[in-house]
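> Quick one, data-v5.cif (mmCIF, C-alpha atoms and all ligand atoms):
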```cif
data_data
loop_
_atom_site.label_atom_id
_atom_site.label_comp_id
_atom_site.auth_asym_id
_atom_site.auth_seq_id
_atom_site.Cartn_x
_atom_site.Cartn_y
_atom_site.Cartn_z
CA MET A 6 0.00 0.00 0.00
CA LYS A 7 1.33 3.43 -0.93
CA SER A 8 1.72 5.75 2.10
CA LEU A 9 0.00 9.14 1.90
CA SER A 10 2.42 12.03 1.42
CA PRO A 11 2.29 14.52 4.31
CA SER A 12 0.22 17.62 3.63
CA PRO A 13 2.15 20.81 2.92
CA VAL A 14 2.24 23.90 5.11
CA VAL A 15 0.85 26.80 3.05
CA LEU A 16 2.70 30.11 2.85
CA GLY A 17 1.81 33.60 1.62
CA LEU A 18 4.59 36.08 0.85
CA ILE A 19 3.94 39.82 1.09
CA GLY A 20 6.68 41.96 -0.46
CA LEU A 21 8.84 40.97 -3.41
CA GLY A 22 11.68 43.44 -2.90
CA THR A 23 15.31 42.48 -2.22
CA VAL A 24 14.65 40.10 0.67
CA GLY A 25 11.33 38.78 -0.71
CA SER A 26 12.95 37.91 -4.05
CA GLY A 27 15.84 36.26 -2.20
CA PHE A 28 13.35 34.18 -0.20
CA LEU A 29 11.48 33.13 -3.35
CA LYS A 30 14.73 32.14 -5.06
CA LEU A 31 15.85 30.09 -2.05
CA LEU A 32 12.48 28.38 -1.73
CA LEU A 33 12.36 27.40 -5.41
CA LYS A 34 16.00 26.27 -5.44
CA GLU A 35 15.96 24.27 -2.21
CA GLN A 36 12.47 22.77 -2.23
CA LYS A 37 13.80 19.19 -2.07
CA LEU A 38 16.32 19.96 0.69
CA LEU A 39 13.65 21.75 2.73
CA GLU A 40 11.29 18.78 2.42
CA ARG A 41 14.05 16.38 3.44
CA ARG A 42 14.79 18.47 6.50
CA LEU A 43 11.15 19.09 7.46
CA GLY A 44 9.57 15.79 6.46
CA PHE A 45 6.75 17.68 4.71
CA PRO A 46 6.63 20.20 1.85
CA LEU A 47 6.24 23.98 1.98
CA HIS A 48 3.73 25.34 -0.54
CA LEU A 49 3.98 29.03 -1.44
CA LYS A 50 0.42 29.71 -2.57
CA SER A 51 0.48 33.49 -3.18
CA ILE A 52 2.74 36.50 -3.46
CA ALA A 53 1.49 40.04 -2.94
CA ASP A 54 3.46 43.05 -4.08
CA ARG A 55 2.07 46.40 -5.13
CA ARG A 56 4.43 46.44 -8.13
CA ILE A 57 2.70 43.32 -9.53
CA GLY A 58 -0.15 45.66 -10.65
CA SER A 59 -0.96 44.75 -14.23
CA LYS A 60 0.20 41.15 -13.82
CA SER A 61 -2.49 40.58 -11.16
CA GLY A 62 -3.81 37.03 -11.03
CA SER A 63 -1.00 35.74 -13.21
CA ASP A 64 1.04 32.79 -12.29
CA LEU A 65 4.70 32.22 -11.39
CA ASN A 66 5.61 28.55 -11.11
CA GLY A 67 2.02 27.93 -9.98
CA ILE A 68 2.16 30.77 -7.42
CA HIS A 69 -0.74 33.22 -7.47
CA LEU A 70 0.38 36.86 -7.85
CA THR A 71 -1.58 39.83 -6.57
CA PRO A 72 -1.00 43.49 -5.73
CA ASP A 73 -3.35 43.17 -2.72
CA PRO A 74 -1.90 41.82 0.57
CA ASN A 75 -5.43 41.32 1.90
CA GLU A 76 -5.89 38.42 -0.52
CA ILE A 77 -3.24 36.60 1.50
CA VAL A 78 -4.38 37.78 4.94
CA GLU A 79 -8.00 36.79 4.15
CA ASP A 80 -7.12 33.43 2.57
CA PRO A 81 -8.10 30.71 5.08
CA GLU A 82 -5.68 28.25 3.44
CA VAL A 83 -2.58 30.39 4.14
CA GLN A 84 -1.02 29.25 7.42
CA ILE A 85 2.13 31.40 7.51
CA VAL A 86 2.18 35.03 6.36
CA ILE A 87 5.67 36.30 5.52
CA GLU A 88 5.80 40.11 5.69
CA LEU A 89 8.78 41.56 3.87
CA ILE A 90 7.56 45.02 2.85
CA GLY A 91 9.26 46.93 5.69
CA GLY A 92 8.11 50.25 7.16
CA ILE A 93 5.43 50.70 9.80
CA GLU A 94 2.19 50.77 7.81
CA PRO A 95 0.68 48.76 6.22
CA ALA A 96 3.08 46.14 7.66
CA ARG A 97 1.73 46.60 11.23
CA SER A 98 -1.93 46.18 10.19
CA ILE A 99 -1.12 43.21 7.95
CA LEU A 100 0.64 41.41 10.80
CA LEU A 101 -1.99 42.26 13.42
CA GLU A 102 -4.84 41.11 11.16
CA SER A 103 -2.98 37.90 10.25
CA ILE A 104 -2.34 37.19 13.95
CA ARG A 105 -6.00 37.92 14.75
CA LYS A 106 -6.89 35.31 12.12
CA ARG A 107 -4.60 32.89 14.00
CA LYS A 108 -2.00 32.65 11.27
CA SER A 109 1.67 32.36 12.12
CA VAL A 110 3.72 35.32 10.91
CA VAL A 111 7.32 35.92 9.90
CA THR A 112 8.86 39.36 9.48
CA ALA A 113 12.30 40.94 9.14
CA ASN A 114 10.94 44.39 10.02
CA LYS A 115 13.22 45.74 12.75
CA ALA A 116 11.72 49.24 12.90
CA LEU A 117 8.23 47.79 13.37
CA LEU A 118 9.40 45.39 16.09
CA ALA A 119 11.41 48.07 17.91
CA LEU A 120 8.53 50.55 17.90
CA HIS A 121 5.44 48.30 18.05
CA GLY A 122 6.83 44.98 19.26
CA GLU A 123 4.81 44.91 22.49
CA GLU A 124 1.53 45.37 20.60
CA LEU A 125 2.42 42.60 18.14
CA PHE A 126 3.67 40.12 20.74
CA SER A 127 0.73 40.76 23.01
CA ALA A 128 -1.55 39.90 20.04
CA VAL A 129 0.51 36.77 19.38
CA HIS A 130 0.19 35.75 23.04
CA ALA A 131 -3.58 36.32 23.00
CA SER A 132 -4.16 34.37 19.79
CA LYS A 133 -1.63 31.62 20.68
CA THR A 134 0.02 31.89 17.28
CA ASP A 135 3.69 32.49 16.47
CA LEU A 136 5.82 35.40 15.30
CA ALA A 137 9.41 34.84 14.16
CA PHE A 138 11.86 37.59 13.19
CA GLU A 139 15.42 36.29 12.87
CA GLY A 140 16.00 38.39 9.72
CA ALA A 141 15.43 41.62 11.69
CA VAL A 142 18.88 41.58 13.34
CA GLY A 143 22.21 40.79 11.73
CA GLY A 144 20.85 39.53 8.38
CA GLY A 145 21.88 35.90 8.10
CA ILE A 146 23.56 35.66 11.54
CA PRO A 147 21.43 33.37 13.74
CA ILE A 148 21.80 35.60 16.80
CA LEU A 149 18.20 35.74 18.01
CA ARG A 150 17.71 31.98 17.95
CA SER A 151 21.01 31.61 19.82
CA LEU A 152 19.95 34.09 22.51
CA ARG A 153 16.62 32.32 22.96
CA GLU A 154 17.89 28.76 22.89
CA GLY A 155 21.63 28.07 22.78
CA ILE A 156 22.54 30.65 25.45
CA GLY A 157 19.14 30.57 27.15
CA GLY A 158 20.67 29.02 30.29
CA ASN A 159 22.84 32.06 30.99
CA ARG A 160 22.18 35.49 32.38
CA ILE A 161 23.26 37.83 29.57
CA LEU A 162 25.76 40.30 31.02
CA SER A 163 26.49 42.32 27.91
CA ILE A 164 26.12 42.65 24.17
CA LYS A 165 28.40 44.65 21.93
CA GLY A 166 27.34 44.64 18.31
CA ILE A 167 28.47 45.99 14.98
CA ILE A 168 24.95 45.81 13.61
CA ASN A 169 24.92 48.35 10.82
CA GLY A 170 26.92 47.30 7.78
CA THR A 171 26.67 50.67 6.02
CA SER A 172 28.29 52.53 8.93
CA ASN A 173 30.89 49.83 9.33
CA TYR A 174 31.80 50.10 5.65
CA ILE A 175 32.17 53.90 5.93
CA LEU A 176 34.31 53.69 9.09
CA THR A 177 36.44 50.96 7.50
CA ARG A 178 37.18 53.19 4.48
CA MET A 179 37.95 56.14 6.77
CA ASN A 180 40.28 53.93 8.81
CA TYR A 181 42.25 52.17 6.06
CA ASP A 182 42.06 54.65 3.19
CA HIS A 183 42.11 57.87 5.25
CA LEU A 184 38.95 59.10 3.47
CA ASP A 185 36.87 61.79 5.11
CA PHE A 186 33.29 60.95 6.08
CA ALA A 187 31.67 62.58 3.01
CA SER A 188 33.90 60.70 0.52
CA ALA A 189 33.45 57.37 2.31
CA LEU A 190 29.66 57.87 2.29
CA GLU A 191 29.73 58.72 -1.42
CA ASP A 192 31.67 55.55 -2.08
CA ALA A 193 29.17 53.48 -0.02
CA GLN A 194 26.32 55.00 -2.04
CA ALA A 195 28.05 54.28 -5.36
CA LEU A 196 28.41 50.63 -4.34
CA GLY A 197 24.76 50.41 -3.25
CA TYR A 198 25.60 49.88 0.44
CA ALA A 199 24.10 53.19 1.50
CA GLU A 200 20.68 54.52 0.48
CA ALA A 201 20.26 57.85 -1.36
CA ASP A 202 18.96 59.09 2.01
CA PRO A 203 21.43 57.35 4.32
CA SER A 204 20.23 58.89 7.59
CA LEU A 205 18.65 55.75 9.09
CA ASP A 206 22.01 53.97 8.85
CA ILE A 207 24.55 56.71 9.55
CA ASP A 208 22.58 58.41 12.33
CA GLY A 209 22.37 55.13 14.26
CA MET A 210 18.60 54.48 14.13
CA ASP A 211 18.88 51.21 12.21
CA ALA A 212 21.38 49.94 14.79
CA ALA A 213 19.12 51.16 17.62
CA HIS A 214 16.13 49.24 16.21
CA LYS A 215 18.24 46.08 16.20
CA LEU A 216 19.64 46.80 19.66
CA ALA A 217 16.13 47.19 21.11
CA ILE A 218 15.30 43.69 19.83
CA LEU A 219 18.56 42.22 21.17
CA GLY A 220 17.93 43.93 24.53
CA THR A 221 14.41 42.61 24.97
CA LEU A 222 15.51 39.04 24.19
CA SER A 223 18.55 39.29 26.45
CA PHE A 224 17.00 40.85 29.51
CA GLY A 225 13.39 39.61 29.38
CA ALA A 226 12.19 43.20 29.54
CA PRO A 227 10.13 45.42 27.26
CA ILE A 228 12.42 48.16 25.90
CA GLU A 229 11.17 51.73 25.56
CA PHE A 230 12.79 52.59 22.24
CA SER A 231 12.79 56.35 22.83
CA ALA A 232 14.85 55.85 26.03
CA ILE A 233 17.84 54.49 24.06
CA PRO A 234 20.54 57.17 23.56
CA VAL A 235 21.54 57.14 19.89
CA GLN A 236 24.51 58.84 18.24
CA GLY A 237 25.60 58.05 14.69
CA ILE A 238 28.81 58.57 12.73
CA ARG A 239 27.96 61.72 10.75
CA GLU A 240 30.26 63.92 12.86
CA ILE A 241 33.25 61.55 12.89
CA GLN A 242 36.48 63.12 11.63
CA THR A 243 39.38 61.20 10.15
CA ILE A 244 41.82 62.94 12.54
CA ASP A 245 40.15 61.18 15.52
CA ILE A 246 40.34 57.79 13.81
CA GLU A 247 44.06 58.46 13.32
CA PHE A 248 44.75 59.60 16.88
CA GLY A 249 42.77 56.58 18.08
CA ARG A 250 45.03 54.32 16.03
CA GLU A 251 48.09 55.86 17.74
CA LEU A 252 46.53 54.92 21.07
CA GLY A 253 45.91 51.35 19.85
CA TYR A 254 42.19 51.66 19.05
CA VAL A 255 39.84 51.14 16.10
CA LEU A 256 36.60 53.13 15.80
CA LYS A 257 33.31 51.25 15.36
CA LEU A 258 29.62 52.15 15.60
CA LEU A 259 28.44 49.93 18.44
CA GLY A 260 25.10 48.84 19.80
CA ILE A 261 25.76 48.22 23.49
CA ALA A 262 23.50 46.48 26.02
CA LYS A 263 24.68 45.81 29.58
CA ASP A 264 22.98 44.40 32.63
CA HIS A 265 24.09 46.42 35.66
CA GLY A 266 21.78 44.51 38.01
CA HIS A 267 19.84 47.54 39.28
CA SER A 268 19.33 48.78 35.69
CA ILE A 269 19.97 47.94 32.05
CA ASP A 270 22.12 50.12 29.86
CA LEU A 271 21.32 50.29 26.13
CA ARG A 272 22.96 52.76 23.76
CA VAL A 273 24.24 53.25 20.23
CA HIS A 274 27.31 55.39 19.59
CA PRO A 275 30.74 55.32 17.98
CA ALA A 276 33.31 53.75 20.30
CA PHE A 277 36.99 52.96 20.26
CA LEU A 278 37.83 49.27 20.65
CA PRO A 279 41.28 47.84 21.41
CA GLU A 280 42.81 46.96 18.03
CA GLU A 281 43.55 43.40 19.17
CA SER A 282 39.88 42.67 19.98
CA LEU A 283 37.97 40.48 17.53
CA LEU A 284 35.25 43.09 17.07
CA ALA A 285 37.86 45.65 15.97
CA LYS A 286 38.78 43.33 13.10
CA VAL A 287 35.22 43.19 11.70
CA ASP A 288 35.52 45.26 8.54
CA GLY A 289 33.43 46.38 5.58
CA VAL A 290 29.73 45.58 5.50
CA PHE A 291 30.08 42.61 7.85
CA ASN A 292 28.23 42.50 11.16
CA ALA A 293 29.29 40.92 14.44
CA VAL A 294 27.68 40.57 17.84
CA GLU A 295 29.67 39.72 20.95
CA VAL A 296 27.49 38.31 23.71
CA THR A 297 28.81 37.68 27.21
CA GLY A 298 26.92 35.16 29.31
CA ASP A 299 27.57 34.71 33.03
CA ALA A 300 28.60 31.06 32.71
CA LEU A 301 29.64 30.99 29.07
CA GLY A 302 31.80 34.10 28.96
CA PRO A 303 32.10 35.85 25.59
CA VAL A 304 30.90 34.36 22.31
CA LEU A 305 31.14 36.09 18.93
CA PHE A 306 28.66 35.85 16.05
CA TYR A 307 30.02 37.11 12.73
CA GLY A 308 28.63 37.21 9.21
CA ARG A 309 26.77 39.08 6.51
CA GLY A 310 24.33 41.45 8.17
CA ALA A 311 22.27 42.41 5.13
CA GLY A 312 21.47 41.52 1.54
CA ALA A 313 19.04 39.22 -0.22
CA ASP A 314 20.60 35.79 0.36
CA PRO A 315 21.72 36.16 4.00
CA THR A 316 18.43 37.73 5.14
CA ALA A 317 16.39 35.21 3.10
CA THR A 318 18.31 32.45 4.90
CA ALA A 319 17.17 33.84 8.26
CA VAL A 320 13.58 34.20 7.03
CA MET A 321 13.63 30.60 5.75
CA GLY A 322 14.84 29.35 9.14
CA ASP A 323 11.87 31.12 10.74
CA VAL A 324 9.43 29.68 8.20
CA MET A 325 10.79 26.19 8.91
CA GLU A 326 10.41 26.65 12.67
CA LEU A 327 6.84 27.90 12.40
CA ALA A 328 5.92 25.27 9.80
CA ARG A 329 7.13 22.54 12.18
CA ALA A 330 4.95 24.01 14.94
CA ILE A 331 1.94 23.97 12.61
CA HIS A 332 2.73 20.43 11.49
CA THR A 333 3.00 19.08 15.03
CA GLY A 334 0.46 21.41 16.66
CA CYS A 335 3.06 22.43 19.27
CA PHE A 336 3.13 26.22 19.25
CA HIS A 337 5.34 28.37 21.48
CA GLN A 338 7.76 25.59 22.37
CA VAL A 339 10.21 28.49 22.58
CA PRO A 340 8.63 31.86 23.45
CA PRO A 341 9.34 34.35 20.62
CA LEU A 342 10.98 36.82 23.01
CA GLY A 343 12.98 34.15 24.82
CA PHE A 344 11.10 34.55 28.13
CA SER A 345 7.71 33.25 29.13
CA TRP A 346 5.27 36.11 28.40
CA ASN A 347 4.13 36.54 32.02
CA GLU A 348 7.73 36.54 33.27
CA ARG A 349 8.82 39.57 31.24
CA LYS A 350 9.37 42.51 33.57
CA PRO A 351 10.16 46.18 32.87
CA ARG A 352 13.65 47.17 34.02
CA PRO A 353 14.90 50.70 34.74
CA MET A 354 17.24 52.05 32.06
CA THR A 355 20.63 53.49 33.01
CA GLY A 356 20.76 57.15 32.01
CA LEU A 357 23.69 58.17 29.83
CA ALA A 358 24.97 60.46 32.63
CA ASP A 359 25.37 57.41 34.89
CA ILE A 360 27.44 55.21 32.59
CA ARG A 361 31.09 54.58 33.42
CA SER A 362 33.64 54.38 30.64
CA GLU A 363 37.07 55.43 29.56
CA TYR A 364 37.05 58.47 27.28
CA TYR A 365 39.00 59.81 24.34
CA LEU A 366 38.88 63.62 24.38
CA ARG A 367 40.27 65.85 21.63
CA PHE A 368 40.62 69.49 22.60
CA MET A 369 41.52 72.17 20.07
CA ALA A 370 43.65 74.30 22.35
CA HIS A 371 45.73 77.44 22.06
CA ASP A 372 49.37 76.43 21.92
CA GLN A 373 50.57 78.46 24.88
CA PRO A 374 52.15 77.79 28.27
CA GLY A 375 49.70 76.57 30.90
CA THR A 376 47.10 75.05 28.55
CA LEU A 377 47.90 71.43 29.34
CA SER A 378 47.99 72.10 33.07
CA TYR A 379 44.64 73.93 32.75
CA LEU A 380 43.04 70.95 30.96
CA SER A 381 44.43 68.36 33.37
CA GLY A 382 43.49 70.61 36.30
CA VAL A 383 39.81 70.81 35.27
CA LEU A 384 39.68 67.06 34.64
CA GLY A 385 41.34 66.46 38.05
CA ASP A 386 38.85 68.80 39.76
CA HIS A 387 36.06 66.56 38.40
CA GLY A 388 37.72 63.40 39.72
CA ILE A 389 38.88 62.30 36.26
CA SER A 390 42.26 60.63 36.00
CA ILE A 391 44.37 60.78 32.82
CA GLU A 392 45.79 57.66 31.16
CA SER A 393 47.69 59.23 28.25
CA VAL A 394 48.18 62.48 26.35
CA ILE A 395 49.12 63.20 22.73
CA GLN A 396 50.03 66.68 21.56
CA LYS A 397 51.52 67.41 18.19
CA GLY A 398 52.46 70.23 15.89
CA ARG A 399 52.66 73.96 16.35
CA GLN A 400 50.49 76.29 14.39
CA LYS A 401 51.37 79.97 14.75
CA GLY A 402 48.38 81.81 16.12
CA GLY A 403 46.07 78.83 15.60
CA SER A 404 45.01 75.97 17.83
CA VAL A 405 46.51 72.51 18.12
CA PRO A 406 44.88 69.20 18.88
CA VAL A 407 45.49 67.88 22.39
CA VAL A 408 44.26 64.32 22.85
CA ILE A 409 43.68 63.00 26.35
CA GLN A 410 42.62 59.48 27.15
CA THR A 411 41.07 59.14 30.59
CA HIS A 412 40.81 56.27 33.01
CA THR A 413 37.28 55.11 33.83
CA ALA A 414 35.01 57.99 34.82
CA THR A 415 31.30 58.68 34.93
CA GLU A 416 29.80 60.40 31.92
CA ALA A 417 28.29 63.07 34.21
CA SER A 418 31.73 64.13 35.49
CA ILE A 419 33.18 64.15 31.96
CA GLN A 420 30.32 66.29 30.67
CA ALA A 421 30.68 68.70 33.61
CA ALA A 422 34.43 69.05 32.94
CA LEU A 423 33.82 69.63 29.21
CA ARG A 424 31.21 72.31 29.93
CA ALA A 425 33.84 74.22 31.92
CA ILE A 426 36.63 73.69 29.36
CA ASP A 427 34.50 74.49 26.31
CA HIS A 428 33.46 77.79 27.88
CA SER A 429 37.07 78.75 28.61
CA ALA A 430 39.41 80.84 26.46
CA HIS A 431 41.89 77.94 26.27
CA VAL A 432 40.03 76.11 23.47
CA THR A 433 38.76 77.22 20.07
CA GLU A 434 36.20 74.49 19.28
CA PRO A 435 33.86 72.16 21.18
CA THR A 436 35.78 69.14 22.45
CA VAL A 437 35.36 65.83 20.63
CA LEU A 438 34.33 62.99 22.98
CA ILE A 439 34.50 59.33 21.98
CA ARG A 440 33.84 56.54 24.49
CA VAL A 441 36.38 53.75 24.74
CA GLU A 442 34.91 50.24 25.15
CA GLY A 443 37.98 48.59 26.57
CA LYS A 444 38.22 47.81 30.23
CA THR A 445 34.66 48.94 30.79
CA GLU A 446 32.20 48.15 33.55
N1 LIG B 501 20.86 49.02 6.33
C1 LIG B 501 21.31 47.94 7.13
C2 LIG B 501 22.83 47.98 7.27
C3 LIG B 501 20.94 46.58 6.58
O1 LIG B 501 23.49 48.83 6.69
O2 LIG B 501 23.33 47.15 8.01
C4 LIG B 501 19.55 46.19 6.87
O3 LIG B 501 19.36 45.98 8.23
#
```
Mind turning the file's structure into C-alpha cells?
Ligand code: HSE

Amino acid sequence: MKSLSPSPVVLGLIGLGTVGSGFLKLLLKEQKLLERRLGFPLHLKSIADRRIGSKSGSDLNGIHLTPDPNEIVEDPEVQIVIELIGGIEPARSILLESIRKRKSVVTANKALLALHGEELFSAVHASKTDLAFEGAVGGGIPILRSLREGIGGNRILSIKGIINGTSNYILTRMNYDHLDFASALEDAQALGYAEADPSLDIDGMDAAHKLAILGTLSFGAPIEFSAIPVQGIREIQTIDIEFGRELGYVLKLLGIAKDHGHSIDLRVHPAFLPEESLLAKVDGVFNAVEVTGDALGPVLFYGRGAGADPTATAVMGDVMELARAIHTGCFHQVPPLGFSWNERKPRPMTGLADIRSEYYLRFMAHDQPGTLSYLSGVLGDHGISIESVIQKGRQKGGSVPVVIQTHTATEASIQAALRAIDHSAHVTEPTVLIRVEGKTE
C-alpha cells in the first residue's frame, strides 16, 4: 500500500523586494532539501506586491500573484504570512490582522518590532500563534535563535554589536584609506551599500532598532525605544580615527547592552575598541555581535548582516520553525521573546549620565604655556584621572589638537568638565568625545 504524502504547510509572501525575491529564489531552489529536512513540503500559494499591478492574477511557477496583501491575509488556506515590505504601515496592520486570524507570521521588520513589538507580541500571546523575526537583526547571523535557545541558560551580562553594515563600511574606508566621512559615504552609495537618504544607517537608528530587539531578548524586559541614547557617525572626523590608532584603538559604531543589576544600559554610539579585539577586526559591510553570558563568557557571532541571500536564509529558518509548529500542533515551544510572556518585567534604564567608561577627548587648544595644566586641572577637579596624552604640531596663532585618554570615569563628570573647558578661552572648538569600550564596567 502506498503511504500518503504529508500535507504541505501553506505560505503567503507579502513583499517581493530584495529580501522577498531572495526568499522566493531560495524556496524554489531548495524545495527538495527543505522537504528532506522538514519531512513535509512547503507550498507558497500566493505572493502580494504592489508592483505586480498589471500582472495581477498571473502565475509564477504555480504561485498566485496579486498586488493586494489582503488576498493573503483573508485566505483561510494560508497558514504562515511572511511580511517583507518593511516600514510601519501597512506592515503593522497586515501582521496584526494575520495574527488575529490565528495565522503564524514571519517578518524581518526591525523598525516595526522596535517601535510596536509589544503590541504585536501581546496579540501573538492572546491568539496563541507564532511570530518569528530572525531576519530583523544581523541579516543571516542566527543571533536571536542563539539568545533564545543556545545561550538561554545564561544570564546575559552584555552585548556589543556591529549591527549596521553601512556605517561599518564607511568607518572601514575612513580607517584604512584615510577618506573623510563625506567621501566614504559617497563611495558606499556608489556601491549600493548606502541609500540615497542614508540617515537611518549613519545616524544610528537602524542599529538602535536592532539593539532594542537584542535587549528585549537578552533581559526579558520590554524596551522603551525612545529611552535608548543614539549617536551616529555623521560627525566623525578622520583625525580622531588616526589619533585613536596611535593609542591602539579602532573606531566602530556599536550597539551596546549591559545588565548592571539595578538597571539595564542600552545605547548606540561610535566607540573605540582595542585593536587586538575580535570586534575591531570586523571590517566592511560585515556585522558581528559579541554576547557575554555569566557562565559561558564571551561568544562572537560574525557574518553578513544584510542583503538578499543572508536575510532570506534567516527568514527561511523562521518559516521552517513555524511550519514545524503547525505540522506538530506544538506552538510556542520556545517563546518568541525568549522569556515566558508573564515573566517579562520592565527594568529601569541606566541614564547616559550614569554610565562609566574610559574616554578619548580631543581638545583644540591654544598652543601656549599653561594650557595642558589647565586641561588636566579641570579634569582632576572633576575626579577624572588621565591615562595618556598626545600633543603634536605647532600652528602659529592657531590651535593645536590635544588628545587625552582618561581612566574610567562617569559620563556626568566628563560632561561637567567639558562644559567648563569648552566655555574657557583655552580652546577654540567644542571638544570631541569618543567613548572607549575597553576595560569597561
Ligand atoms: N541598512 C542595514 C545595514 C541593513 O546597513 O546594516 C539592513 O538591516
> Could the residues of chain A that have an atom at most 8 Å from ligand LIG 501 (chain B) be listed as a Markdown table, each with its closest atom pair and the distance in Å to one decimal, counting all atoms listed in the file and ordered by chain and ascending residue number?

```
| residue | atom | partner | partner_atom | distance |
| --- | --- | --- | --- | --- |
| A:Lys115 | CA | B:LIG501 | O3 | 7.6 |
| A:Ala141 | CA | B:LIG501 | O3 | 6.8 |
| A:Val142 | CA | B:LIG501 | O3 | 6.8 |
| A:Gly143 | CA | B:LIG501 | O3 | 6.9 |
| A:Gly144 | CA | B:LIG501 | O3 | 6.6 |
| A:Ile168 | CA | B:LIG501 | O2 | 6.0 |
| A:Asn169 | CA | B:LIG501 | O2 | 3.4 |
| A:Gly170 | CA | B:LIG501 | O2 | 3.6 |
| A:Thr171 | CA | B:LIG501 | O1 | 3.7 |
| A:Ser172 | CA | B:LIG501 | O1 | 6.5 |
| A:Asn173 | CA | B:LIG501 | O1 | 7.9 |
| A:Tyr198 | CA | B:LIG501 | O1 | 6.7 |
| A:Ala199 | CA | B:LIG501 | O1 | 6.8 |
| A:Leu205 | CA | B:LIG501 | N1 | 7.6 |
| A:Asp206 | CA | B:LIG501 | N1 | 5.7 |
| A:Asp211 | CA | B:LIG501 | C1 | 6.5 |
| A:Ala212 | CA | B:LIG501 | O2 | 7.6 |
| A:Val290 | CA | B:LIG501 | O2 | 7.1 |
| A:Asn292 | CA | B:LIG501 | O2 | 7.5 |
| A:Gly310 | CA | B:LIG501 | O2 | 5.8 |
| A:Ala311 | CA | B:LIG501 | C3 | 4.6 |
| A:Gly312 | CA | B:LIG501 | C3 | 7.2 |
```
> List every protein, DNA or RNA residue that has an atom no more than 12 Å from (6.0, 32.7, 27.7) in the file's coordinate frame, counting all atoms listed in the file, and report them as a compact mmCIF listing (two decimals) with C-alpha atoms, in the frame of the given file.

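Below is the file out.txt, written as the result:
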```txt
# COMPACT_ATOMS: atom_id res chain seq x y z
CA PHE A 126 3.67 40.12 20.74
CA SER A 127 0.73 40.76 23.01
CA VAL A 129 0.51 36.77 19.38
CA HIS A 130 0.19 35.75 23.04
CA ALA A 131 -3.58 36.32 23.00
CA LYS A 133 -1.63 31.62 20.68
CA ASP A 135 3.69 32.49 16.47
CA ARG A 153 16.62 32.32 22.96
CA LEU A 222 15.51 39.04 24.19
CA GLY A 225 13.39 39.61 29.38
CA PHE A 336 3.13 26.22 19.25
CA HIS A 337 5.34 28.37 21.48
CA GLN A 338 7.76 25.59 22.37
CA VAL A 339 10.21 28.49 22.58
CA PRO A 340 8.63 31.86 23.45
CA PRO A 341 9.34 34.35 20.62
CA LEU A 342 10.98 36.82 23.01
CA GLY A 343 12.98 34.15 24.82
CA PHE A 344 11.10 34.55 28.13
CA SER A 345 7.71 33.25 29.13
CA TRP A 346 5.27 36.11 28.40
CA ASN A 347 4.13 36.54 32.02
CA GLU A 348 7.73 36.54 33.27
CA ARG A 349 8.82 39.57 31.24
CA LYS A 350 9.37 42.51 33.57
```
> Which one of A:His121, A:Asp264, A:Gln84, A:Glu416 sits closest to A:Pro227 if you count all atoms listed in the file?
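Checking each candidate against A:Pro227, we get A:His121 as the closest.
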> Go through A:Val394, A:Ala201, A:Val405, A:Leu384 one by one, measure the shortest atom-to-atom distance of each to A:Arg424 using only C-alpha atoms, and give the residue with the smallest value.
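Among the listed residues, A:Leu384 lies closest to A:Arg424.
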> In Å, with one decimal, what is the gap from atom CA of A:Leu219 to atom CA of A:Gly249?
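A separation of 28.3 Å between them.
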> Using all atoms listed in the file - which residues lie no farther than 10 Å from the point (5.1, 19.3, 9.8) in the file's frame? Write them as a ChimeraX atom specification.
/A:11-14,40,43-47,325-334
> Could you state the separation of atom CA of A:Ala430 and atom CA of A:Leu357 in Å, given to one decimal place?
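We find that atom CA of A:Ala430 and atom CA of A:Leu357 lie 27.8 Å from each other.
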> How far is it from atom CA of A:Ser381 to atom CA of A:Val432, in Å with one decimal?
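Separation of atom CA of A:Ser381 and atom CA of A:Val432: 13.3 Å.
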> Pick from A:Gly322, A:Gly260, A:Gly92, A:Pro234: nearest to A:Ile146, with all atoms listed in the file counted?
A:Gly322
> Could you name the residues that touch stretch 174-191 of chain A at 10 Å or less, counting all atoms listed in the file, but leaving out those on the same chain fewer than 4 positions away, as an MDAnalysis selection string?
chainID A and resid 169:170 195:201 203 207 238:247 249:250 255:258 275 286:291
> For the selection you just gave me, I'd like the residues written to a file as a CSV table (one decimal), in the frame of the given file, keeping C-alpha atoms.

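So out-v5.csv came out as:
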```
chain,number,residue,atom,x,y,z
A,169,ASN,CA,24.9,48.4,10.8
A,170,GLY,CA,26.9,47.3,7.8
A,195,ALA,CA,28.0,54.3,-5.4
A,196,LEU,CA,28.4,50.6,-4.3
A,197,GLY,CA,24.8,50.4,-3.2
A,198,TYR,CA,25.6,49.9,0.4
A,199,ALA,CA,24.1,53.2,1.5
A,200,GLU,CA,20.7,54.5,0.5
A,201,ALA,CA,20.3,57.8,-1.4
A,203,PRO,CA,21.4,57.4,4.3
A,207,ILE,CA,24.6,56.7,9.6
A,238,ILE,CA,28.8,58.6,12.7
A,239,ARG,CA,28.0,61.7,10.8
A,240,GLU,CA,30.3,63.9,12.9
A,241,ILE,CA,33.2,61.6,12.9
A,242,GLN,CA,36.5,63.1,11.6
A,243,THR,CA,39.4,61.2,10.2
A,244,ILE,CA,41.8,62.9,12.5
A,245,ASP,CA,40.2,61.2,15.5
A,246,ILE,CA,40.3,57.8,13.8
A,247,GLU,CA,44.1,58.5,13.3
A,249,GLY,CA,42.8,56.6,18.1
A,250,ARG,CA,45.0,54.3,16.0
A,255,VAL,CA,39.8,51.1,16.1
A,256,LEU,CA,36.6,53.1,15.8
A,257,LYS,CA,33.3,51.2,15.4
A,258,LEU,CA,29.6,52.2,15.6
A,275,PRO,CA,30.7,55.3,18.0
A,286,LYS,CA,38.8,43.3,13.1
A,287,VAL,CA,35.2,43.2,11.7
A,288,ASP,CA,35.5,45.3,8.5
A,289,GLY,CA,33.4,46.4,5.6
A,290,VAL,CA,29.7,45.6,5.5
A,291,PHE,CA,30.1,42.6,7.8
```
> Between A:Gly382, A:Gly302, A:Gly166, A:Pro279, single out the one closest to A:Ala262, counting all atoms listed in the file.
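The closest residue to A:Ala262 is A:Gly166.
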> Between A:Asp427, A:Glu88, A:Glu154, A:Asp208, single out the one closest to A:Ile52, counting only C-alpha atoms.
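The answer is A:Glu88, which sits nearest to A:Ile52.
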